[in-house]
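> Here you go, this is my_file04.txt (compact mmCIF, C-alpha atoms and all ligand atoms).
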# COMPACT_ATOMS: atom_id res chain seq x y z
CA MET K 1 -26.29 5.19 2.31
CA LYS K 2 -23.93 6.82 4.80
CA VAL K 3 -20.31 5.75 4.36
CA LEU K 4 -17.32 6.52 6.59
CA VAL K 5 -13.75 6.12 5.30
CA VAL K 6 -11.06 5.80 8.00
CA GLY K 7 -7.67 7.39 7.22
CA GLY K 8 -6.34 10.66 5.89
CA GLY K 9 -3.69 10.21 3.17
CA GLY K 10 -3.49 10.06 -0.61
CA ARG K 11 -4.84 6.52 -0.62
CA GLU K 12 -7.92 7.62 1.33
CA HIS K 13 -8.44 10.59 -1.00
CA ALA K 14 -8.43 8.16 -3.96
CA ILE K 15 -10.90 5.84 -2.16
CA VAL K 16 -13.19 8.74 -1.19
CA TRP K 17 -13.01 10.15 -4.75
CA LYS K 18 -14.00 6.77 -6.22
CA LEU K 19 -16.79 6.17 -3.67
CA SER K 20 -18.13 9.70 -4.26
CA GLN K 21 -19.13 8.52 -7.77
CA SER K 22 -21.41 5.82 -6.38
CA PRO K 23 -25.08 6.79 -6.86
CA ARG K 24 -26.11 4.88 -3.73
CA ILE K 25 -24.05 7.00 -1.35
CA SER K 26 -25.94 9.98 0.07
CA LYS K 27 -23.36 11.08 2.65
CA LEU K 28 -19.61 10.48 2.86
CA TYR K 29 -17.51 11.03 5.99
CA CYS K 30 -13.77 10.66 6.44
CA ALA K 31 -11.87 10.37 9.74
CA PRO K 32 -9.66 12.31 9.98
CA GLY K 33 -9.45 13.11 6.23
CA ASN K 34 -7.37 16.00 4.89
CA GLY K 35 -7.68 19.32 3.05
CA GLY K 36 -8.51 17.76 -0.33
CA ILE K 37 -10.83 15.06 0.99
CA ALA K 38 -12.85 17.86 2.60
CA SER K 39 -14.19 18.86 -0.83
CA LEU K 40 -15.78 15.40 -1.30
CA ALA K 41 -16.59 14.23 2.23
CA GLN K 42 -17.29 15.67 5.66
CA CYS K 43 -14.02 15.31 7.57
CA VAL K 44 -14.39 14.41 11.24
CA ASP K 45 -11.61 15.13 13.69
CA ILE K 46 -11.00 11.58 14.91
CA GLU K 47 -7.63 9.88 14.41
CA ALA K 48 -7.63 6.59 12.50
CA THR K 49 -6.20 4.82 15.56
CA ASP K 50 -8.85 6.21 17.95
CA ILE K 51 -10.83 2.97 17.87
CA GLU K 52 -13.40 4.00 20.50
CA GLY K 53 -13.88 7.41 18.87
CA ILE K 54 -14.58 5.88 15.46
CA LEU K 55 -16.85 3.24 16.93
CA ASN K 56 -18.91 5.85 18.81
CA PHE K 57 -19.13 8.07 15.72
CA ALA K 58 -20.31 5.15 13.54
CA ILE K 59 -22.96 4.20 16.11
CA GLU K 60 -24.18 7.79 16.70
CA GLN K 61 -24.34 8.66 12.98
CA GLU K 62 -25.83 5.26 12.03
CA ILE K 63 -23.12 4.72 9.43
CA ASP K 64 -24.12 2.02 6.92
CA LEU K 65 -20.58 1.11 5.89
CA THR K 66 -17.16 1.91 7.38
CA VAL K 67 -14.15 1.41 5.11
CA VAL K 68 -10.98 0.89 7.17
CA ALA K 69 -8.02 1.78 4.93
CA PRO K 70 -4.79 2.06 7.03
CA ASP K 71 -2.78 -0.81 8.58
CA ASP K 72 -2.83 0.31 12.24
CA PRO K 73 -6.60 0.33 12.88
CA LEU K 74 -6.90 -2.99 11.01
CA ALA K 75 -4.21 -4.51 13.24
CA MET K 76 -5.97 -3.02 16.29
CA GLY K 77 -9.20 -4.83 15.39
CA LEU K 78 -11.41 -1.91 14.31
CA VAL K 79 -13.31 -4.11 11.84
CA ASP K 80 -14.06 -6.68 14.57
CA LYS K 81 -15.25 -3.93 16.93
CA LEU K 82 -17.58 -2.43 14.31
CA GLN K 83 -18.96 -5.85 13.39
CA GLY K 84 -19.41 -6.63 17.08
CA LYS K 85 -21.82 -3.68 17.25
CA GLY K 86 -23.75 -4.98 14.25
CA LEU K 87 -22.20 -2.44 11.86
CA ARG K 88 -20.95 -3.22 8.35
CA ALA K 89 -17.22 -2.72 7.82
CA PHE K 90 -14.88 -3.21 4.88
CA GLY K 91 -11.47 -4.65 5.68
CA PRO K 92 -9.99 -7.78 7.25
CA THR K 93 -10.56 -8.77 10.87
CA GLN K 94 -7.65 -8.54 13.31
CA LYS K 95 -7.06 -12.30 12.92
CA ALA K 96 -6.67 -11.87 9.17
CA ALA K 97 -4.81 -8.53 9.27
CA ILE K 98 -1.96 -10.39 11.00
CA ILE K 99 -0.75 -11.28 7.50
CA GLU K 100 0.64 -7.72 7.47
CA SER K 101 1.03 -6.95 11.17
CA SER K 102 3.39 -9.90 11.81
CA LYS K 103 6.08 -10.60 9.24
CA VAL K 104 7.04 -13.73 11.16
CA PHE K 105 3.44 -14.98 10.78
CA SER K 106 3.41 -14.27 7.05
CA LYS K 107 6.76 -16.01 6.46
CA GLU K 108 5.65 -19.08 8.43
CA LEU K 109 2.41 -19.14 6.44
CA MET K 110 4.33 -19.04 3.14
CA LYS K 111 6.71 -21.76 4.29
CA LYS K 112 3.86 -24.03 5.43
CA TYR K 113 1.88 -23.58 2.20
CA ARG K 114 4.92 -23.55 -0.13
CA ILE K 115 4.30 -20.02 -1.42
CA PRO K 116 7.49 -18.70 -3.09
CA THR K 117 9.30 -16.19 -0.86
CA PRO K 118 12.97 -15.46 0.02
CA GLU K 119 14.62 -17.82 2.58
CA TYR K 120 14.62 -16.53 6.17
CA GLN K 121 15.21 -17.19 9.87
CA SER K 122 13.42 -15.47 12.74
CA PHE K 123 15.02 -14.42 16.04
CA GLN K 124 14.04 -12.97 19.40
CA LYS K 125 17.49 -13.05 20.99
CA TYR K 126 20.28 -10.75 19.83
CA ASP K 127 23.04 -13.34 20.45
CA ASP K 128 21.27 -15.97 18.33
CA ALA K 129 20.79 -13.48 15.49
CA ILE K 130 24.46 -12.44 15.64
CA ALA K 131 25.61 -16.08 15.60
CA PHE K 132 23.53 -16.63 12.46
CA LEU K 133 25.41 -13.83 10.68
CA ASP K 134 28.50 -16.12 10.72
CA LYS K 135 26.71 -18.52 8.39
CA ILE K 136 25.53 -16.13 5.68
CA SER K 137 26.83 -13.72 3.05
CA PHE K 138 25.85 -10.08 2.50
CA PRO K 139 23.73 -8.18 1.63
CA VAL K 140 20.88 -9.48 3.77
CA VAL K 141 17.52 -8.01 4.66
CA ILE K 142 16.70 -7.37 8.32
CA LYS K 143 13.01 -6.93 9.06
CA ALA K 144 11.18 -5.96 12.23
CA ASP K 145 8.27 -8.34 12.80
CA GLY K 146 5.58 -5.71 13.42
CA LEU K 147 4.27 -2.50 11.85
CA ALA K 148 7.00 0.16 11.91
CA LEU K 149 5.67 3.00 9.73
CA GLY K 150 7.49 1.55 6.69
CA LYS K 151 10.87 1.89 8.48
CA GLY K 152 11.25 -1.68 9.67
CA VAL K 153 13.04 -3.09 6.61
CA ILE K 154 16.82 -2.60 6.40
CA ILE K 155 19.07 -3.83 3.61
CA ALA K 156 22.38 -4.54 5.34
CA THR K 157 25.26 -4.56 2.88
CA SER K 158 27.85 -5.56 5.50
CA ARG K 159 28.09 -7.39 8.81
CA GLU K 160 28.48 -4.04 10.63
CA GLU K 161 25.21 -2.73 9.18
CA ALA K 162 23.43 -5.97 10.07
CA GLU K 163 24.76 -5.86 13.64
CA LYS K 164 23.59 -2.26 14.02
CA ALA K 165 20.09 -3.04 12.71
CA LEU K 166 19.81 -6.05 15.03
CA ALA K 167 21.04 -4.03 18.02
CA ASP K 168 18.56 -1.21 17.24
CA MET K 169 15.69 -3.70 17.20
CA LEU K 170 16.58 -6.34 19.78
CA LEU K 171 18.72 -4.41 22.30
CA GLU K 172 17.94 -0.71 22.00
CA ASN K 173 14.18 -1.16 21.45
CA LYS K 174 14.23 1.59 18.77
CA PHE K 175 11.30 -0.03 16.96
CA GLY K 176 9.25 -0.68 20.13
CA GLU K 177 7.11 -3.83 20.16
CA ALA K 178 7.49 -4.14 16.38
CA GLY K 179 11.22 -4.93 16.72
CA LYS K 180 11.04 -7.50 19.53
CA ARG K 181 11.22 -10.25 16.90
CA VAL K 182 13.20 -9.94 13.68
CA LEU K 183 13.64 -11.74 10.42
CA ILE K 184 16.96 -12.15 8.63
CA GLU K 185 16.01 -12.69 5.02
CA GLU K 186 17.80 -13.61 1.81
CA PHE K 187 18.44 -10.58 -0.46
CA ILE K 188 16.96 -11.13 -3.91
CA THR K 189 16.86 -8.93 -7.00
CA GLY K 190 14.52 -8.23 -9.91
CA PRO K 191 11.73 -5.84 -10.88
CA GLU K 192 9.15 -5.22 -8.17
CA VAL K 193 5.45 -5.41 -8.91
CA SER K 194 2.49 -4.69 -6.65
CA ILE K 195 -0.64 -6.76 -7.12
CA LEU K 196 -3.70 -5.82 -5.10
CA ALA K 197 -6.53 -8.33 -5.09
CA PHE K 198 -10.13 -8.00 -3.99
CA THR K 199 -11.10 -11.11 -2.02
CA ASP K 200 -14.11 -12.25 -0.01
CA GLY K 201 -12.11 -15.02 1.62
CA GLU K 202 -12.85 -17.56 -1.11
CA SER K 203 -13.13 -15.84 -4.50
CA TYR K 204 -10.67 -13.23 -5.59
CA ILE K 205 -10.26 -10.72 -8.42
CA PRO K 206 -6.77 -9.25 -8.98
CA MET K 207 -6.60 -5.55 -9.79
CA VAL K 208 -4.42 -4.15 -12.57
CA SER K 209 -0.67 -4.32 -11.77
CA SER K 210 1.34 -1.36 -10.51
CA GLN K 211 4.76 -0.39 -9.19
CA ASP K 212 5.74 1.80 -6.26
CA HIS K 213 8.95 3.90 -5.97
CA LYS K 214 10.17 3.78 -2.37
CA ARG K 215 13.45 5.71 -2.61
CA ALA K 216 13.45 9.49 -2.28
CA TYR K 217 15.54 10.35 -5.35
CA ASP K 218 15.81 9.51 -9.05
CA LYS K 219 17.34 6.18 -10.13
CA ASP K 220 16.13 4.63 -6.86
CA GLU K 221 18.74 6.46 -4.82
CA GLY K 222 18.50 8.07 -1.38
CA PRO K 223 16.58 7.11 1.73
CA ASN K 224 13.40 5.05 1.85
CA THR K 225 10.09 6.91 1.93
CA GLY K 226 6.40 6.03 2.17
CA GLY K 227 6.38 6.03 -1.66
CA MET K 228 7.35 8.78 -4.12
CA GLY K 229 5.16 7.68 -7.02
CA ALA K 230 3.66 4.77 -8.88
CA PHE K 231 2.64 3.63 -12.33
CA SER K 232 0.17 1.10 -13.70
CA PRO K 233 0.38 -1.33 -15.44
CA SER K 234 3.79 -2.93 -14.96
CA PRO K 235 5.24 -4.03 -18.31
CA HIS K 236 6.76 -7.04 -16.52
CA TYR K 237 3.38 -8.34 -15.42
CA THR K 238 2.61 -10.15 -18.66
CA PRO K 239 -0.34 -12.57 -18.96
CA GLU K 240 2.16 -15.43 -18.50
CA VAL K 241 3.51 -13.97 -15.25
CA ALA K 242 -0.03 -13.16 -14.08
CA GLU K 243 -1.12 -16.77 -14.63
CA TYR K 244 1.87 -18.06 -12.65
CA VAL K 245 1.26 -15.58 -9.81
CA GLU K 246 -2.45 -16.36 -9.54
CA LYS K 247 -1.85 -20.12 -9.44
CA ASN K 248 1.21 -20.16 -7.18
CA ILE K 249 0.79 -17.09 -4.99
CA ILE K 250 -2.63 -15.41 -4.90
CA GLU K 251 -4.88 -18.49 -4.79
CA PRO K 252 -2.74 -20.46 -2.31
CA SER K 253 -2.38 -17.41 -0.01
CA ILE K 254 -6.14 -16.87 0.17
CA GLN K 255 -6.76 -20.60 0.69
CA ALA K 256 -4.03 -20.76 3.34
CA MET K 257 -5.65 -17.96 5.34
CA ALA K 258 -9.04 -19.71 5.14
CA GLU K 259 -7.50 -23.03 6.24
CA GLU K 260 -5.85 -21.32 9.20
CA GLY K 261 -9.27 -20.04 10.31
CA ARG K 262 -8.28 -16.51 9.29
CA ALA K 263 -10.37 -16.00 6.12
CA PHE K 264 -9.29 -12.69 4.59
CA GLN K 265 -12.02 -10.32 3.34
CA GLY K 266 -10.91 -7.03 1.85
CA VAL K 267 -7.95 -6.02 -0.29
CA LEU K 268 -4.91 -8.29 -0.08
CA TYR K 269 -1.73 -6.69 -1.40
CA PHE K 270 1.10 -8.81 -2.78
CA GLY K 271 4.48 -7.07 -2.94
CA LEU K 272 6.30 -9.24 -5.48
CA MET K 273 9.80 -9.44 -6.83
CA LEU K 274 10.17 -11.03 -10.26
CA THR K 275 13.43 -12.97 -9.97
CA SER K 276 15.17 -15.11 -12.54
CA SER K 277 13.78 -18.16 -10.71
CA GLY K 278 10.23 -16.84 -10.68
CA PRO K 279 8.03 -14.33 -8.81
CA LYS K 280 8.44 -14.29 -5.02
CA VAL K 281 6.47 -12.57 -2.25
CA LEU K 282 8.43 -9.85 -0.45
CA GLU K 283 5.50 -8.74 1.68
CA TYR K 284 1.76 -8.86 2.11
CA ASN K 285 -0.30 -5.84 3.08
CA ALA K 286 -3.80 -6.21 4.46
CA ARG K 287 -5.13 -3.16 2.59
CA PHE K 288 -4.89 -0.93 -0.45
CA GLY K 289 -1.25 0.16 -0.99
CA ASP K 290 -0.17 3.77 -1.10
CA PRO K 291 0.64 5.31 -3.61
CA GLU K 292 -0.44 2.33 -5.78
CA THR K 293 -4.12 3.09 -5.05
CA GLN K 294 -3.63 6.49 -6.68
CA VAL K 295 -2.92 4.82 -10.04
CA VAL K 296 -5.12 1.73 -9.69
CA LEU K 297 -8.44 3.35 -8.69
CA PRO K 298 -8.39 5.95 -11.52
CA ARG K 299 -8.35 2.90 -13.85
CA LEU K 300 -11.30 1.17 -12.13
CA LYS K 301 -14.52 1.58 -14.08
CA THR K 302 -16.79 -0.47 -11.79
CA ASP K 303 -18.56 1.08 -8.77
CA LEU K 304 -16.20 0.52 -5.80
CA LEU K 305 -19.13 0.43 -3.37
CA GLU K 306 -20.66 -2.53 -5.27
CA ILE K 307 -17.35 -4.40 -5.02
CA MET K 308 -16.93 -3.66 -1.30
CA GLU K 309 -20.46 -4.80 -0.54
CA ALA K 310 -20.01 -8.00 -2.59
CA ILE K 311 -16.86 -8.76 -0.55
CA ILE K 312 -18.66 -8.27 2.77
CA ASP K 313 -21.56 -10.46 1.56
CA LYS K 314 -19.16 -13.11 0.13
CA LYS K 315 -20.59 -12.60 -3.35
CA LEU K 316 -17.48 -11.42 -5.17
CA ASP K 317 -17.96 -14.20 -7.75
CA GLU K 318 -21.15 -12.41 -8.89
CA ILE K 319 -19.30 -9.20 -9.78
CA ASP K 320 -17.77 -8.28 -13.14
CA ILE K 321 -14.96 -5.75 -12.72
CA GLN K 322 -14.04 -3.48 -15.63
CA TRP K 323 -10.76 -1.56 -16.07
CA ASP K 324 -9.72 1.41 -18.16
CA GLU K 325 -7.09 0.23 -20.65
CA ARG K 326 -5.14 3.48 -20.33
CA ALA K 327 -1.86 3.73 -18.37
CA ALA K 328 -1.64 5.79 -15.17
CA VAL K 329 1.29 7.56 -13.49
CA CYS K 330 1.29 9.23 -10.07
CA VAL K 331 4.07 11.56 -8.88
CA VAL K 332 4.22 12.45 -5.18
CA LEU K 333 5.08 16.07 -4.33
CA ALA K 334 6.94 16.15 -1.00
CA SER K 335 7.90 18.78 1.58
CA GLU K 336 11.46 20.09 1.77
CA GLY K 337 13.46 17.75 3.99
CA TYR K 338 11.17 14.73 3.60
CA PRO K 339 11.73 11.85 4.49
CA GLY K 340 13.69 13.60 7.24
CA SER K 341 12.20 16.44 9.27
CA TYR K 342 10.13 19.07 7.47
CA GLU K 343 8.00 22.13 8.21
CA LYS K 344 4.22 22.16 8.13
CA GLY K 345 1.90 25.04 7.23
CA VAL K 346 3.63 26.08 3.98
CA PRO K 347 1.05 27.67 1.60
CA ILE K 348 0.20 25.60 -1.50
CA GLU K 349 -0.60 27.30 -4.79
CA ILE K 350 -2.81 25.29 -7.13
CA LYS K 351 -2.95 27.34 -10.33
CA GLU K 352 -5.61 25.27 -12.02
CA GLU K 353 -7.16 21.86 -11.64
CA ASN K 354 -8.05 20.23 -14.92
CA ASP K 355 -9.88 17.13 -16.02
CA GLN K 356 -6.67 15.56 -17.40
CA THR K 357 -5.22 14.89 -13.96
CA PHE K 358 -6.25 13.85 -10.46
CA LEU K 359 -4.80 15.78 -7.56
CA PHE K 360 -4.90 13.49 -4.53
CA HIS K 361 -4.11 15.23 -1.25
CA ALA K 362 -1.95 13.37 1.27
CA GLY K 363 -0.57 15.89 3.79
CA THR K 364 -2.63 19.05 3.35
CA ARG K 365 -4.92 21.16 5.52
CA LYS K 366 -7.53 23.64 4.37
CA THR K 367 -7.36 27.10 5.96
CA GLU K 368 -9.29 30.30 5.28
CA GLN K 369 -6.38 31.42 3.09
CA GLY K 370 -6.24 28.18 1.12
CA TYR K 371 -4.40 24.86 1.38
CA VAL K 372 -1.23 24.51 3.44
CA THR K 373 1.16 21.57 3.81
CA ASN K 374 0.50 19.24 6.73
CA GLY K 375 2.82 16.27 6.13
CA GLY K 376 5.91 14.98 4.34
CA ARG K 377 4.10 13.63 1.32
CA VAL K 378 1.83 16.53 0.41
CA LEU K 379 0.07 15.74 -2.89
CA GLY K 380 -0.05 12.96 -5.46
CA ILE K 381 -0.70 14.03 -9.02
CA THR K 382 -1.98 11.29 -11.33
CA ALA K 383 -2.43 11.37 -15.10
CA LEU K 384 -3.88 8.82 -17.48
CA GLY K 385 -2.48 8.37 -20.99
CA ASN K 386 -3.05 6.22 -24.03
CA ASP K 387 0.27 4.58 -23.21
CA MET K 388 2.88 4.97 -20.46
CA GLU K 389 4.89 7.56 -22.40
CA ASP K 390 1.79 9.67 -22.85
CA ALA K 391 0.86 9.37 -19.13
CA VAL K 392 4.43 10.30 -18.06
CA GLU K 393 4.43 13.36 -20.32
CA SER K 394 1.03 14.48 -19.10
CA VAL K 395 1.79 14.09 -15.39
CA TYR K 396 5.08 16.05 -15.58
CA HIS K 397 3.49 18.75 -17.72
CA ASN K 398 0.68 19.20 -15.19
CA ILE K 399 2.97 19.39 -12.15
CA GLU K 400 3.66 22.94 -13.30
CA SER K 401 0.20 23.92 -12.06
CA VAL K 402 1.15 23.18 -8.42
CA TYR K 403 3.74 24.95 -6.27
CA PHE K 404 4.79 25.23 -2.65
CA GLU K 405 8.13 26.38 -1.30
CA GLY K 406 10.63 23.53 -0.98
CA MET K 407 8.46 21.14 -3.06
CA HIS K 408 10.47 18.19 -4.35
CA TYR K 409 9.57 15.18 -6.44
CA ARG K 410 11.17 12.45 -8.51
CA LYS K 411 11.60 13.19 -12.21
CA ASP K 412 11.73 9.55 -13.32
CA ILE K 413 8.42 8.03 -12.23
CA GLY K 414 7.06 5.73 -14.92
CA LYS K 415 10.22 5.97 -16.98
CA LYS K 416 11.32 2.44 -16.17
CA ALA K 417 7.99 1.27 -17.60
CA VAL K 418 8.72 3.00 -20.92
CA ALA K 419 12.14 1.52 -21.77
CA VAL K 420 12.27 -1.92 -20.24
CA GLU K 421 14.37 -4.97 -20.64
CA MET K 422 12.02 -7.89 -20.13
CA LEU K 423 13.00 -10.48 -17.59
CA LYS K 424 12.88 -14.16 -18.51
CA PHE K 425 12.29 -16.51 -15.64
CA THR K 426 12.39 -20.24 -15.09
CA PRO K 427 10.31 -21.14 -12.05
CA LYS K 428 12.02 -23.65 -9.75
N1 LIG K 501 3.26 0.90 -1.26
C1 LIG K 501 3.45 0.03 -0.18
C2 LIG K 501 2.53 0.21 0.96
O1 LIG K 501 1.45 0.71 0.82
O2 LIG K 501 2.86 -0.16 2.07
As structure tokens - that is how I would like this structure written.
Ligand code: GLY


Amino acid sequence: MKVLVVGGGGREHAIVWKLSQSPRISKLYCAPGNGGIASLAQCVDIEATDIEGILNFAIEQEIDLTVVAPDDPLAMGLVDKLQGKGLRAFGPTQKAAIIESSKVFSKELMKKYRIPTPEYQSFQKYDDAIAFLDKISFPVVIKADGLALGKGVIIATSREEAEKALADMLLENKFGEAGKRVLIEEFITGPEVSILAFTDGESYIPMVSSQDHKRAYDKDEGPNTGGMGAFSPSPHYTPEVAEYVEKNIIEPSIQAMAEEGRAFQGVLYFGLMLTSSGPKVLEYNARFGDPETQVVLPRLKTDLLEIMEAIIDKKLDEIDIQWDERAAVCVVLASEGYPGSYEKGVPIEIKEENDQTFLFHAGTRKTEQGYVTNGGRVLGITALGNDMEDAVESVYHNIESVYFEGMHYRKDIGKKAVAVEMLKFTPK
């Protein structure tokens, strides 16, 4: 089989790595890929958002399966276009991907189907949004409706900050189309957990739990990033919590999408907050999360191709998915200056790769002299361990084998999974 993976970050490296183990795949391509992916797949110089370019490549090369990993091409309808040409594609259609591409849609869906989520109001007019600020207390969360490269969520701790965020979105157009509608959402607290679920639109199988780290610096301080690391499993996601989440969140969400004529086939991501009144949905993503995929897929024992094909054929209920019991921790190594501006082309020294860790490339490029940096998040290093403490020790020990000038990373990834105070909740 010839398989094409669309995308070029750490998540796509993890997907390509996992698919490369499938005995039924004879040729793997990745568009555009990156320096590390190039050792497992043939990288083709087509951007993930070049819908026509990818479509033409898939037709010309007679690709048997295209896996669409990032949010933008899903929201642009790449899966629909491929299917329209009679090609097999993994990922939700544009109608289903709206669960991520419009936050207003997802909040209305949750309200209609009584799926627990923070209270909210949506606005298109600046004056209406400002008037609403008179009725609420701070902090509040201001969200742009559309996809905004992970920058569209602002926690406003004061009225001034809220007014600025609303002006940026609704008056100044700083978020483009994505900010033409906004949500003002209740601020809630508690441990965050990411649950990714395979679903064929009817059946679903949740993956092992994980947790992302969005802030740039230790102790969750500093600016937001695309994700500085992840661990799996979350100690908070006990069997009791999992049962509650499946019954009250995962199952009703998948049924709601089917009832709305938007059956979701692919990976549905639930960004949850475990509050004292029960788990609530902060966000849905219509795809594998990043960097969560870099800790979840190393724990997957089953052939990913078999799962993807079962989803496309609506036969997920015939699949038995096995997981490695070990814990996984991924630490992202970032360029100097990230998440602000940073240089590209800095040489990367990889002293040794070993079989204890996975080195997933995110922003790298291969040159004749070796790898160089090509993005803000450069590499994700993942280690497995018999328990979380073991995985944390192993990942930090192995970081010593990688170096590039200005490299920075968080020193506390996984540590909140080692010493935890368990939350008790009483669902309302
Ligand atoms: N880790 C969150 C995301 O993939 O958007």

> Please identify all polymer residues within 7 Å of Glu100 (chain K), counting all atoms listed in the file, omitting same-chain residues fewer than 6 positions from it, and present them as a ChimeraX atom specification.

/K:284-286

> From the list K:Glu393, K:Asp200, K:Asp71, K:Glu343, which residue is nearest Ile312 (chain K) when using only C-alpha atoms?

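Among K:Glu393, K:Asp200, K:Asp71, K:Glu343, it is K:Asp200 that comes nearest to Ile312 (chain K).
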
> Given a cut-off of 8 Å, what residues near ligand LIG 501 (chain K) show up using only C-alpha atoms and all ligand atoms, put as a count of residues only?

15

> Determine, counting all atoms listed in the file, which protein, DNA and RNA residues have an atom within 9 Å of an atom of region 137-141 of chain K; residues of the same chain fewer than 4 positions away are not included. Present the result as a ChimeraX atom specification.

/K:133,153-159,162,183-188

> For a quick check of understanding, using all atoms listed in the file, which of K:Arg410, K:Lys111, K:His236, K:Arg262 has the smallest distance to Tyr396 (chain K)?

K:Arg410

> List the neighbours of Ala75 (chain K) out to 10 Å using all atoms listed in the file; skip same-chain residues closer than 4 positions along the sequence, and give me the result as a list in words.

Thr49, Pro70, Asp71, Val79, Pro92, Thr93, Gln94, Lys95, Ala96, Ala97, Ile98, Ile99, Glu100, Ser101, Ser102, Gly146, Leu147 and Ala286 of chain K

> Find the spatial neighbours of Leu87 (chain K), counting all atoms listed in the file, within a cut-off of 9 Å - ignore same-chain residues fewer than 4 positions away - and output them as a list in words.

Ala58, Ile59, Glu62, Ile63, Asp64, Leu65, Thr66, Lys81, Leu82 and Gln83 of chain K

> For Ala242 (chain K), work out the shell of residues within 12 Å, counting only C-alpha atoms and skipping chain neighbours fewer than 3 positions away, then give it as an mmCIF file with C-alpha atoms, keeping the file's coordinate frame.


data_model
loop_
_atom_site.group_PDB
_atom_site.id
_atom_site.type_symbol
_atom_site.label_atom_id
_atom_site.label_comp_id
_atom_site.auth_asym_id
_atom_site.auth_seq_id
_atom_site.Cartn_x
_atom_site.Cartn_y
_atom_site.Cartn_z
ATOM 1 C CA VAL K 193 5.450 -5.410 -8.910
ATOM 2 C CA SER K 194 2.490 -4.690 -6.650
ATOM 3 C CA ILE K 195 -0.640 -6.760 -7.120
ATOM 4 C CA ILE K 205 -10.260 -10.720 -8.420
ATOM 5 C CA PRO K 206 -6.770 -9.250 -8.980
ATOM 6 C CA MET K 207 -6.600 -5.550 -9.790
ATOM 7 C CA VAL K 208 -4.420 -4.150 -12.570
ATOM 8 C CA SER K 209 -0.670 -4.320 -11.770
ATOM 9 C CA PRO K 233 0.380 -1.330 -15.440
ATOM 10 C CA SER K 234 3.790 -2.930 -14.960
ATOM 11 C CA PRO K 235 5.240 -4.030 -18.310
ATOM 12 C CA HIS K 236 6.760 -7.040 -16.520
ATOM 13 C CA TYR K 237 3.380 -8.340 -15.420
ATOM 14 C CA THR K 238 2.610 -10.150 -18.660
ATOM 15 C CA PRO K 239 -0.340 -12.570 -18.960
ATOM 16 C CA VAL K 245 1.260 -15.580 -9.810
ATOM 17 C CA GLU K 246 -2.450 -16.360 -9.540
ATOM 18 C CA LYS K 247 -1.850 -20.120 -9.440
ATOM 19 C CA ASN K 248 1.210 -20.160 -7.180
ATOM 20 C CA ILE K 249 0.790 -17.090 -4.990
ATOM 21 C CA ILE K 250 -2.630 -15.410 -4.900
ATOM 22 C CA GLU K 251 -4.880 -18.490 -4.790
ATOM 23 C CA LEU K 272 6.300 -9.240 -5.480
ATOM 24 C CA LEU K 274 10.170 -11.030 -10.260
ATOM 25 C CA GLY K 278 10.230 -16.840 -10.680
ATOM 26 C CA PRO K 279 8.030 -14.330 -8.810
#

> Which value, in Å to one decimal, gives the distance between CA of Met388 (chain K) and CA of Ala327 (chain K)?

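Taking CA of Met388 (chain K) and CA of Ala327 (chain K), their separation equals 5.3 Å.
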
> Could you pull out every residue with an atom within 8 Å of (-7.8, 9.7, -4.0), file coordinates, counting all atoms listed in the file, and send them as a VMD selection string?

chain K and resid 10 to 18 37 293 to 294 297 358 to 361

> For each of K:Leu305, K:Ala263, K:Ala383, K:Ala258, take the minimum atom-to-atom distance to Gln21 (chain K), counting all atoms listed in the file, then give the residue where this is smallest.

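Among the listed residues, the smallest separation from Gln21 (chain K) belongs to K:Leu305.
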
> How big is the axis-aligned box around all listed atoms of region 169-175 of chain K once 3 Å goes on each side, and where's its centre, in Å to one decimal, as AutoDock Vina command-line options?


--center_x 15.0 --center_y -2.4 --center_z 19.6 --size_x 13.4 --size_y 13.9 --size_z 11.3

> Enter the distance from CA of Glu309 (chain K) to CA of Phe90 (chain K), in Å, rounded to one decimal.

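Computed distance, CA of Glu309 (chain K) to CA of Phe90 (chain K), equals 7.9 Å.
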
> For CA of Val378 (chain K) and CA of Lys103 (chain K), quote the distance in Å rounded to one decimal.

28.8 Å

> Which of these residues is nearest to Leu109 (chain K), using all atoms listed in the file: K:Leu166, K:Met257, K:Cys30, K:Ala38?

K:Met257

> With all atoms listed in the file as the atoms that count, which of K:Met308, K:Thr382, K:Gly414, K:Gly340 lies nearest to Asp355 (chain K)?

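Using all atoms listed in the file, the shortest distance to Asp355 (chain K) belongs to K:Thr382.
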